$ cat model.pdb   # PDB, C-alpha atoms and all ligand atoms
ATOM      1  CA  MET A  71       0.000   0.000   0.000
ATOM      2  CA  ILE A  72       1.421   3.370  -0.948
ATOM      3  CA  SER A  73       0.541   6.671   0.717
ATOM      4  CA  LYS A  74      -1.946   9.067  -0.875
ATOM      5  CA  LYS A  75       0.794  11.682  -1.195
ATOM      6  CA  MET A  76       3.045   9.154  -2.941
ATOM      7  CA  SER A  77       0.337   7.933  -5.313
ATOM      8  CA  ASP A  78      -0.722  11.505  -6.192
ATOM      9  CA  SER A  79       2.902  12.419  -6.886
ATOM     10  CA  LEU A  80       3.396   9.320  -9.047
ATOM     11  CA  ASN A  81       0.158  10.061 -10.906
ATOM     12  CA  ASN A  82       1.340  13.617 -11.602
ATOM     13  CA  HIS A  83       4.606  12.304 -12.906
ATOM     14  CA  MET A  84       2.849   9.699 -15.048
ATOM     15  CA  ASN A  85       1.106  12.600 -16.783
ATOM     16  CA  LEU A  86       4.433  14.341 -17.325
ATOM     17  CA  GLU A  87       5.667  11.205 -19.119
ATOM     18  CA  LEU A  88       2.600  11.344 -21.344
ATOM     19  CA  PHE A  89       3.328  15.010 -22.058
ATOM     20  CA  SER A  90       6.931  14.059 -22.914
ATOM     21  CA  ALA A  91       5.641  11.475 -25.404
ATOM     22  CA  HIS A  92       3.411  14.032 -27.098
ATOM     23  CA  MET A  93       6.166  16.646 -27.139
ATOM     24  CA  TYR A  94       8.546  14.257 -28.953
ATOM     25  CA  LEU A  95       5.859  13.116 -31.383
ATOM     26  CA  VAL A  96       5.323  16.753 -32.416
ATOM     27  CA  MET A  97       9.104  17.264 -32.637
ATOM     28  CA  SER A  98       9.234  14.256 -34.974
ATOM     29  CA  SER A  99       6.691  15.932 -37.210
ATOM     30  CA  CYS A 100       8.645  19.244 -37.111
ATOM     31  CA  ALA A 101      11.903  17.454 -38.008
ATOM     32  CA  ASN A 102      10.128  15.812 -40.932
ATOM     33  CA  ASP A 103       8.986  19.259 -42.036
ATOM     34  CA  PHE A 104      12.651  20.417 -42.005
ATOM     35  CA  GLY A 105      13.431  17.515 -44.383
ATOM     36  CA  LEU A 106      15.385  15.734 -41.638
ATOM     37  CA  LYS A 107      14.020  12.180 -41.828
ATOM     38  CA  GLY A 108      16.705  10.803 -39.526
ATOM     39  CA  ALA A 109      15.905  13.303 -36.780
ATOM     40  CA  ALA A 110      12.189  12.565 -37.327
ATOM     41  CA  ASN A 111      12.989   8.894 -36.686
ATOM     42  CA  TRP A 112      15.037   9.773 -33.561
ATOM     43  CA  PHE A 113      12.176  11.771 -32.037
ATOM     44  CA  PHE A 114       9.652   9.097 -33.008
ATOM     45  CA  VAL A 115      11.735   6.479 -31.174
ATOM     46  CA  GLN A 116      11.869   8.903 -28.226
ATOM     47  CA  TYR A 117       8.061   9.185 -28.352
ATOM     48  CA  ARG A 118       7.766   5.395 -28.155
ATOM     49  CA  GLU A 119      10.204   5.243 -25.234
ATOM     50  CA  GLU A 120       8.181   7.873 -23.364
ATOM     51  CA  MET A 121       5.024   5.827 -23.900
ATOM     52  CA  ILE A 122       6.853   2.942 -22.206
ATOM     53  CA  HIS A 123       7.742   5.275 -19.312
ATOM     54  CA  PHE A 124       4.109   6.362 -19.097
ATOM     55  CA  MET A 125       2.926   2.733 -19.110
ATOM     56  CA  LYS A 126       5.434   1.779 -16.399
ATOM     57  CA  PHE A 127       3.872   4.360 -14.069
ATOM     58  CA  TYR A 128       0.372   3.323 -15.150
ATOM     59  CA  THR A 129       1.073  -0.361 -14.433
ATOM     60  CA  TYR A 130       2.792   0.363 -11.115
ATOM     61  CA  LEU A 131      -0.080   2.531  -9.888
ATOM     62  CA  THR A 132      -2.828   0.131 -10.988
ATOM     63  CA  ASP A 133      -0.909  -2.798  -9.445
ATOM     64  CA  GLN A 134      -0.906  -0.779  -6.203
ATOM     65  CA  GLY A 135      -4.697  -0.471  -6.395
ATOM     66  CA  VAL A 136      -4.675   3.176  -7.454
ATOM     67  CA  VAL A 137      -7.236   4.470  -9.945
ATOM     68  CA  ILE A 138      -5.241   6.824 -12.132
ATOM     69  CA  SER A 139      -6.388  10.196 -13.422
ATOM     70  CA  ILE A 140      -5.392  11.947 -16.621
ATOM     71  CA  PRO A 141      -6.288  15.650 -16.833
ATOM     72  CA  ALA A 142      -7.030  17.400 -20.138
ATOM     73  CA  ASN A 143      -3.929  17.613 -22.317
ATOM     74  CA  LYS A 144      -1.740  20.690 -22.103
ATOM     75  CA  ASP A 145      -0.871  22.361 -25.408
ATOM     76  CA  VAL A 146       2.219  20.802 -26.942
ATOM     77  CA  PRO A 147       4.707  23.261 -28.520
ATOM     78  CA  ASN A 148       4.987  22.867 -32.306
ATOM     79  CA  LYS A 149       7.179  25.774 -33.446
ATOM     80  CA  TYR A 150      10.938  25.280 -33.624
ATOM     81  CA  GLU A 151      13.607  27.139 -35.608
ATOM     82  CA  SER A 152      16.132  24.340 -35.916
ATOM     83  CA  LEU A 153      17.148  20.834 -34.913
ATOM     84  CA  LEU A 154      19.576  22.390 -32.423
ATOM     85  CA  GLU A 155      16.721  24.263 -30.727
ATOM     86  CA  MET A 156      14.651  21.058 -30.518
ATOM     87  CA  LEU A 157      17.504  19.194 -28.860
ATOM     88  CA  GLN A 158      18.223  22.056 -26.457
ATOM     89  CA  LYS A 159      14.536  22.027 -25.448
ATOM     90  CA  THR A 160      14.772  18.228 -25.152
ATOM     91  CA  LEU A 161      17.747  18.485 -22.786
ATOM     92  CA  SER A 162      16.119  21.120 -20.583
ATOM     93  CA  HIS A 163      12.876  19.095 -20.504
ATOM     94  CA  GLU A 164      14.773  15.962 -19.511
ATOM     95  CA  GLY A 165      16.620  17.939 -16.799
ATOM     96  CA  MET A 166      13.209  18.845 -15.364
ATOM     97  CA  ILE A 167      12.109  15.179 -15.552
ATOM     98  CA  THR A 168      15.303  14.139 -13.731
ATOM     99  CA  SER A 169      14.555  16.614 -10.916
ATOM    100  CA  CYS A 170      11.010  15.231 -10.635
ATOM    101  CA  ILE A 171      12.286  11.640 -10.475
ATOM    102  CA  ASN A 172      14.768  12.677  -7.758
ATOM    103  CA  GLU A 173      11.984  14.351  -5.760
ATOM    104  CA  LEU A 174       9.812  11.235  -6.080
ATOM    105  CA  SER A 175      12.748   9.128  -4.877
ATOM    106  CA  GLU A 176      13.211  11.454  -1.881
ATOM    107  CA  LEU A 177       9.531  11.141  -1.021
ATOM    108  CA  ALA A 178       9.701   7.339  -1.287
ATOM    109  CA  VAL A 179      12.666   7.339   1.140
ATOM    110  CA  GLN A 180      10.816   9.629   3.600
ATOM    111  CA  ASP A 181       7.750   7.342   3.360
ATOM    112  CA  LYS A 182       9.948   4.264   3.930
ATOM    113  CA  ASP A 183       8.231   3.023   0.747
ATOM    114  CA  HIS A 184      10.703   0.391  -0.440
ATOM    115  CA  ALA A 185       8.585  -0.819  -3.361
ATOM    116  CA  THR A 186       8.418   2.660  -4.870
ATOM    117  CA  GLN A 187      12.132   3.203  -4.275
ATOM    118  CA  ILE A 188      12.872   0.052  -6.278
ATOM    119  CA  PHE A 189      10.380   1.025  -8.985
ATOM    120  CA  LEU A 190      12.015   4.451  -9.398
ATOM    121  CA  GLN A 191      15.569   3.119  -9.632
ATOM    122  CA  TRP A 192      15.119   2.236 -13.331
ATOM    123  CA  PHE A 193      14.130   5.832 -14.064
ATOM    124  CA  VAL A 194      17.099   7.280 -12.158
ATOM    125  CA  THR A 195      19.470   5.331 -14.434
ATOM    126  CA  GLU A 196      17.430   6.006 -17.573
ATOM    127  CA  GLN A 197      17.646   9.772 -17.050
ATOM    128  CA  ILE A 198      21.464   9.670 -17.026
ATOM    129  CA  GLU A 199      21.422   8.018 -20.464
ATOM    130  CA  GLU A 200      18.765  10.345 -21.860
ATOM    131  CA  GLU A 201      20.565  13.536 -20.848
ATOM    132  CA  SER A 202      23.893  12.162 -22.064
ATOM    133  CA  ASN A 203      22.466  11.333 -25.529
ATOM    134  CA  ASP A 204      20.975  14.819 -25.820
ATOM    135  CA  ARG A 205      24.247  16.484 -24.793
ATOM    136  CA  ASP A 206      26.202  14.459 -27.396
ATOM    137  CA  LEU A 207      23.878  15.503 -30.203
ATOM    138  CA  ILE A 208      23.892  19.160 -29.119
ATOM    139  CA  ALA A 209      27.711  19.169 -29.041
ATOM    140  CA  LYS A 210      27.869  17.717 -32.576
ATOM    141  CA  LEU A 211      25.304  20.185 -33.908
ATOM    142  CA  LYS A 212      27.249  23.092 -32.397
ATOM    143  CA  LEU A 213      30.409  21.804 -34.086
ATOM    144  CA  VAL A 214      28.826  21.764 -37.540
ATOM    145  CA  GLY A 215      26.920  25.036 -37.078
ATOM    146  CA  ASP A 216      25.033  25.987 -40.264
ATOM    147  CA  ASN A 217      26.955  23.531 -42.440
ATOM    148  CA  GLY A 218      24.210  21.636 -44.299
ATOM    149  CA  HIS A 219      26.455  18.661 -45.073
ATOM    150  CA  GLY A 220      27.327  18.328 -41.377
ATOM    151  CA  ILE A 221      23.667  18.539 -40.337
ATOM    152  CA  LEU A 222      22.772  15.831 -42.880
ATOM    153  CA  MET A 223      25.518  13.587 -41.465
ATOM    154  CA  ILE A 224      24.055  13.992 -37.970
ATOM    155  CA  ASP A 225      20.583  13.418 -39.421
ATOM    156  CA  GLY A 226      21.842  10.150 -40.918
ATOM    157  CA  GLU A 227      23.183   9.112 -37.521
ATOM    158  CA  MET A 228      19.860   9.934 -35.868
ATOM    159  CA  GLY A 229      18.136   7.799 -38.491
ATOM    160  CA  GLN A 230      19.981   4.729 -37.155
ATOM    161  CA  ARG A 231      18.230   4.856 -33.791
ATOM    162  CA  VAL A 232      15.936   1.880 -33.230
ATOM    163  CA  PHE A 233      13.207   1.376 -30.683
ATOM    164  CA  ILE A 234      13.865  -1.457 -28.255
ATOM    165  CA  VAL A 235      11.269  -2.432 -25.672
ATOM    166  CA  PRO A 236      13.106  -2.694 -22.319
ATOM    167  CA  PRO A 237      12.818  -6.225 -20.872
ATOM    168  CA  GLY A 238       9.756  -6.678 -18.673
ATOM    169  CA  SER A 239       8.115  -3.466 -19.914
ATOM    170  CA  PRO A 240       4.411  -3.083 -20.467
ATOM    171  CA  LEU A 241       3.662  -2.851 -24.176
ATOM    172  CA  ALA A 242       3.038   0.606 -25.585
ATOM    173  CA  VAL A 243       2.570   1.970 -29.096
TER
HETATM  174 FE1  LIG B 301      12.598  11.209 -21.390
HETATM  175  O1  LIG B 301      12.388  10.125 -19.905
HETATM  176 FE2  LIG B 301      10.632   9.840 -19.647
HETATM  177  O2  LIG B 301      10.172  11.628 -19.700
END

$ encode --input "model.pdb" --output "C-alpha cells" --more "lines below"
Ligand code: OFO
Amino acid sequence: MISKKMSDSLNNHMNLELFSAHMYLVMSSCANDFGLKGAANWFFVQYREEMIHFMKFYTYLTDQGVVISIPANKDVPNKYESLLEMLQKTLSHEGMITSCINELSELAVQDKDHATQIFLQWFVTEQIEEESNDRDLIAKLKLVGDNGHGILMIDGEMGQRVFIVPPGSPLAV
C-alpha cells in the first residue's frame, strides 16, 4: 500500500511522461517538415520510449490499487527554428524530468516506501542516459553550425536509432 501523497505524486509524474511522449511526437513531425528524416525517426523512437515510461507508471499505480487520473492535455509546442533548438529544449525538458524523479525518490525514502524506491531506480538510471544522448547531439550540432552537409551527417546518424522495448516493460505503441 502506498501513501496518498506518494500515489498523487506518481500520478502527476505519469502525466508528465505522457506530455513528454506528445512533445517528442510533435518534434518528430517538425523534423520531418525540415526535411530531416533521420531526426524525425530519432524523435519518433523517443516518443515510443516515453510511452513505455508512461505505461510503467500506469502499471505500477494500478498494481498498487490506485485508480489513475489523466487531466485534459496541455498544449504541446509545435514551433521550432532548428534541430539544435529542438535538442536544447529536449535536454532542458529531460533535466526537469530528472529533478522530478529525484523528488519522487526522496519522497519514497521519507515514506519508507521500499517498493516505490525500487520502482524508481530504473528511471534514475534512464535519465542519465537520456541527458547524455541529448548532450552528445547538441555538441555535434554546435560543431557543424550551419553547415548543411554536417547537419545531414548527424541526421543520418539519428536515423539509425531503433526502438527497443526494455525487458519486462508493459507494451506501448
Ligand atoms: Fe525522457 O524520460 Fe521519460 O520523460

$ residues_around --input "model.pdb" --residues "range 134-137 of chain A" --least-positions-apart "6" --cutoff "8 Å" --atoms "all atoms listed in the file" --output "number ranges by chain"
A: 71-72, 77

$ closest_residue --input "model.pdb" --among "A:Val146, A:Glu164, A:Leu106, A:Ser79" --to "ligand LIG 301 (chain B)" --atoms "only C-alpha atoms and all ligand atoms"
A:Glu164

$ resolve_selection --input "model.pdb" --expression "the PyMOL selection byres (((chain A and resi 86) around 12) and not hetatm)" --output "ChimeraX atom specification"
/A:79-85,87-93,120-121,123-125,127-128,140-141,143-144,146,163-164,166-168,170-171

$ closest_residue --input "model.pdb" --among "A:Met76, A:Gly215, A:Cys100, A:Trp112" --to "Pro147 in chain A" --atoms "only C-alpha atoms"
A:Cys100

$ axis_aligned_box --input "model.pdb" --around "ligand LIG 301 (chain B)" --padding-each-side "5 Å" --output "AutoDock Vina command-line options"
--center_x 11.4 --center_y 10.7 --center_z -20.5 --size_x 12.4 --size_y 11.8 --size_z 11.7

$ resolve_selection --input "model.pdb" --expression "the PyMOL selection byres (((chain A and resi 190-203) around 9) and not hetatm)" --output "list in words"
His123, Thr160, Leu161, Ser162, Glu164, Gly165, Ile167, Thr168, Ile171, Asn172, Leu174, Ser175, Ala178, Ala185, Thr186, Gln187, Ile188, Phe189, Asp204, Arg205, Asp206, Leu207 and Ile208 of chain A

$ atom_distance --input "model.pdb" --atom1 "CA of Met223 in chain A" --atom2 "CA of Tyr94 in chain A"
21.1 Å

$ residues_around --input "model.pdb" --residues "Phe104 in chain A" --least-positions-apart "6" --cutoff "10 Å" --atoms "only C-alpha atoms" --output "ChimeraX atom specification"
/A:98,110,150-153

$ closest_residue --input "model.pdb" --among "A:Gly229, A:Lys159, A:Leu154, A:Phe114" --to "Asp216 in chain A" --atoms "only C-alpha atoms"
A:Leu154

$ closest_residue --input "model.pdb" --among "A:His219, A:Asp78, A:Asp181, A:Met156" --to "Phe113 in chain A" --atoms "only C-alpha atoms"
A:Met156

$ atom_distance --input "model.pdb" --atom1 "CA of Lys212 in chain A" --atom2 "CA of Arg231 in chain A"
20.4 Å

$ atom_distance --input "model.pdb" --atom1 "CA of Leu222 in chain A" --atom2 "CA of Gln158 in chain A"
18.1 Å

$ closest_residue --input "model.pdb" --among "A:Asp103, A:Glu119, A:Glu173, A:Glu227" --to "ligand LIG 301 (chain B)" --atoms "all atoms listed in the file"
A:Glu119

$ residues_near_point --input "model.pdb" --point "(6.6, 2.0, -28.6)" --cutoff "10 Å" --atoms "only C-alpha atoms" --output "VMD selection string"
chain A and resid 114 to 123 233 to 235 240 to 243

$ closest_residue --input "model.pdb" --among "A:Leu211, A:Leu177, A:Leu157, A:Val232" --to "ligand LIG 301 (chain B)" --atoms "only C-alpha atoms and all ligand atoms"
A:Leu157

$ decode --input "model.pdb" --residues "range 141-173 of chain A" --atoms "N, CA, C and O atoms" --output "CSV table (one decimal), in the first residue's frame"
chain,number,residue,atom,x,y,z
A,141,PRO,N,-5.6,14.4,-16.6
A,141,PRO,CA,-6.3,15.6,-16.8
A,141,PRO,C,-6.3,16.0,-18.3
A,141,PRO,O,-5.5,15.3,-19.1
A,142,ALA,N,-7.0,17.0,-18.7
A,142,ALA,CA,-7.0,17.4,-20.1
A,142,ALA,C,-5.6,17.7,-20.6
A,142,ALA,O,-4.8,18.3,-19.8
A,143,ASN,N,-5.3,17.4,-21.8
A,143,ASN,CA,-3.9,17.6,-22.3
A,143,ASN,C,-3.6,19.1,-22.3
A,143,ASN,O,-4.4,19.9,-22.7
A,144,LYS,N,-2.3,19.3,-21.9
A,144,LYS,CA,-1.7,20.7,-22.1
A,144,LYS,C,-1.4,20.9,-23.6
A,144,LYS,O,-1.1,19.9,-24.3
A,145,ASP,N,-1.3,22.1,-24.0
A,145,ASP,CA,-0.9,22.4,-25.4
A,145,ASP,C,0.6,21.9,-25.6
A,145,ASP,O,1.4,22.1,-24.7
A,146,VAL,N,0.9,21.3,-26.7
A,146,VAL,CA,2.2,20.8,-26.9
A,146,VAL,C,2.9,21.8,-27.9
A,146,VAL,O,2.3,22.1,-29.0
A,147,PRO,N,4.1,22.3,-27.6
A,147,PRO,CA,4.7,23.3,-28.5
A,147,PRO,C,4.9,22.6,-29.9
A,147,PRO,O,5.3,21.5,-30.0
A,148,ASN,N,4.7,23.4,-31.0
A,148,ASN,CA,5.0,22.9,-32.3
A,148,ASN,C,5.7,23.9,-33.2
A,148,ASN,O,5.6,23.8,-34.4
A,149,LYS,N,6.4,24.8,-32.6
A,149,LYS,CA,7.2,25.8,-33.4
A,149,LYS,C,8.6,25.7,-33.0
A,149,LYS,O,8.9,26.1,-31.9
A,150,TYR,N,9.5,25.3,-33.9
A,150,TYR,CA,10.9,25.3,-33.6
A,150,TYR,C,11.7,25.9,-34.8
A,150,TYR,O,11.2,25.7,-36.0
A,151,GLU,N,12.8,26.5,-34.5
A,151,GLU,CA,13.6,27.1,-35.6
A,151,GLU,C,14.6,26.2,-36.2
A,151,GLU,O,15.0,26.3,-37.4
A,152,SER,N,15.0,25.2,-35.4
A,152,SER,CA,16.1,24.3,-35.9
A,152,SER,C,16.2,23.0,-35.1
A,152,SER,O,15.6,23.0,-34.0
A,153,LEU,N,16.9,22.1,-35.6
A,153,LEU,CA,17.1,20.8,-34.9
A,153,LEU,C,17.9,21.1,-33.6
A,153,LEU,O,17.6,20.5,-32.6
A,154,LEU,N,18.8,22.1,-33.6
A,154,LEU,CA,19.6,22.4,-32.4
A,154,LEU,C,18.6,22.9,-31.3
A,154,LEU,O,18.7,22.5,-30.2
A,155,GLU,N,17.7,23.7,-31.7
A,155,GLU,CA,16.7,24.3,-30.7
A,155,GLU,C,15.9,23.1,-30.2
A,155,GLU,O,15.6,23.0,-28.9
A,156,MET,N,15.5,22.2,-31.0
A,156,MET,CA,14.7,21.1,-30.5
A,156,MET,C,15.4,20.2,-29.5
A,156,MET,O,14.9,19.8,-28.5
A,157,LEU,N,16.7,20.0,-29.8
A,157,LEU,CA,17.5,19.2,-28.9
A,157,LEU,C,17.8,20.0,-27.6
A,157,LEU,O,17.9,19.3,-26.5
A,158,GLN,N,18.0,21.3,-27.7
A,158,GLN,CA,18.2,22.1,-26.5
A,158,GLN,C,17.0,22.0,-25.6
A,158,GLN,O,17.1,21.9,-24.4
A,159,LYS,N,15.8,22.1,-26.2
A,159,LYS,CA,14.5,22.0,-25.4
A,159,LYS,C,14.4,20.6,-24.9
A,159,LYS,O,13.9,20.4,-23.7
A,160,THR,N,14.8,19.6,-25.6
A,160,THR,CA,14.8,18.2,-25.2
A,160,THR,C,15.6,18.1,-23.9
A,160,THR,O,15.2,17.5,-22.9
A,161,LEU,N,16.9,18.6,-23.9
A,161,LEU,CA,17.7,18.5,-22.8
A,161,LEU,C,17.2,19.2,-21.6
A,161,LEU,O,17.2,18.7,-20.5
A,162,SER,N,16.6,20.4,-21.8
A,162,SER,CA,16.1,21.1,-20.6
A,162,SER,C,14.9,20.4,-20.1
A,162,SER,O,14.7,20.3,-18.8
A,163,HIS,N,14.1,19.9,-21.0
A,163,HIS,CA,12.9,19.1,-20.5
A,163,HIS,C,13.3,17.9,-19.7
A,163,HIS,O,12.8,17.6,-18.6
A,164,GLU,N,14.3,17.2,-20.2
A,164,GLU,CA,14.8,16.0,-19.5
A,164,GLU,C,15.4,16.3,-18.2
A,164,GLU,O,15.3,15.5,-17.2
A,165,GLY,N,16.1,17.5,-18.1
A,165,GLY,CA,16.6,17.9,-16.8
A,165,GLY,C,15.5,18.1,-15.8
A,165,GLY,O,15.6,17.7,-14.6
A,166,MET,N,14.4,18.7,-16.2
A,166,MET,CA,13.2,18.8,-15.4
A,166,MET,C,12.7,17.5,-14.9
A,166,MET,O,12.3,17.3,-13.8
A,167,ILE,N,12.6,16.5,-15.9
A,167,ILE,CA,12.1,15.2,-15.6
A,167,ILE,C,13.0,14.5,-14.5
A,167,ILE,O,12.6,13.9,-13.5
A,168,THR,N,14.3,14.7,-14.7
A,168,THR,CA,15.3,14.1,-13.7
A,168,THR,C,15.0,14.7,-12.3
A,168,THR,O,15.0,13.9,-11.3
A,169,SER,N,14.8,16.0,-12.2
A,169,SER,CA,14.6,16.6,-10.9
A,169,SER,C,13.3,16.0,-10.3
A,169,SER,O,13.2,15.7,-9.1
A,170,CYS,N,12.3,15.8,-11.2
A,170,CYS,CA,11.0,15.2,-10.6
A,170,CYS,C,11.2,13.8,-10.1
A,170,CYS,O,10.7,13.4,-9.1
A,171,ILE,N,12.0,13.0,-10.9
A,171,ILE,CA,12.3,11.6,-10.5
A,171,ILE,C,13.0,11.7,-9.1
A,171,ILE,O,12.8,10.9,-8.2
A,172,ASN,N,14.0,12.6,-9.0
A,172,ASN,CA,14.8,12.7,-7.8
A,172,ASN,C,13.9,13.1,-6.6
A,172,ASN,O,14.0,12.5,-5.5
A,173,GLU,N,12.9,14.0,-6.8
A,173,GLU,CA,12.0,14.4,-5.8
A,173,GLU,C,11.1,13.2,-5.4
A,173,GLU,O,10.8,12.9,-4.2
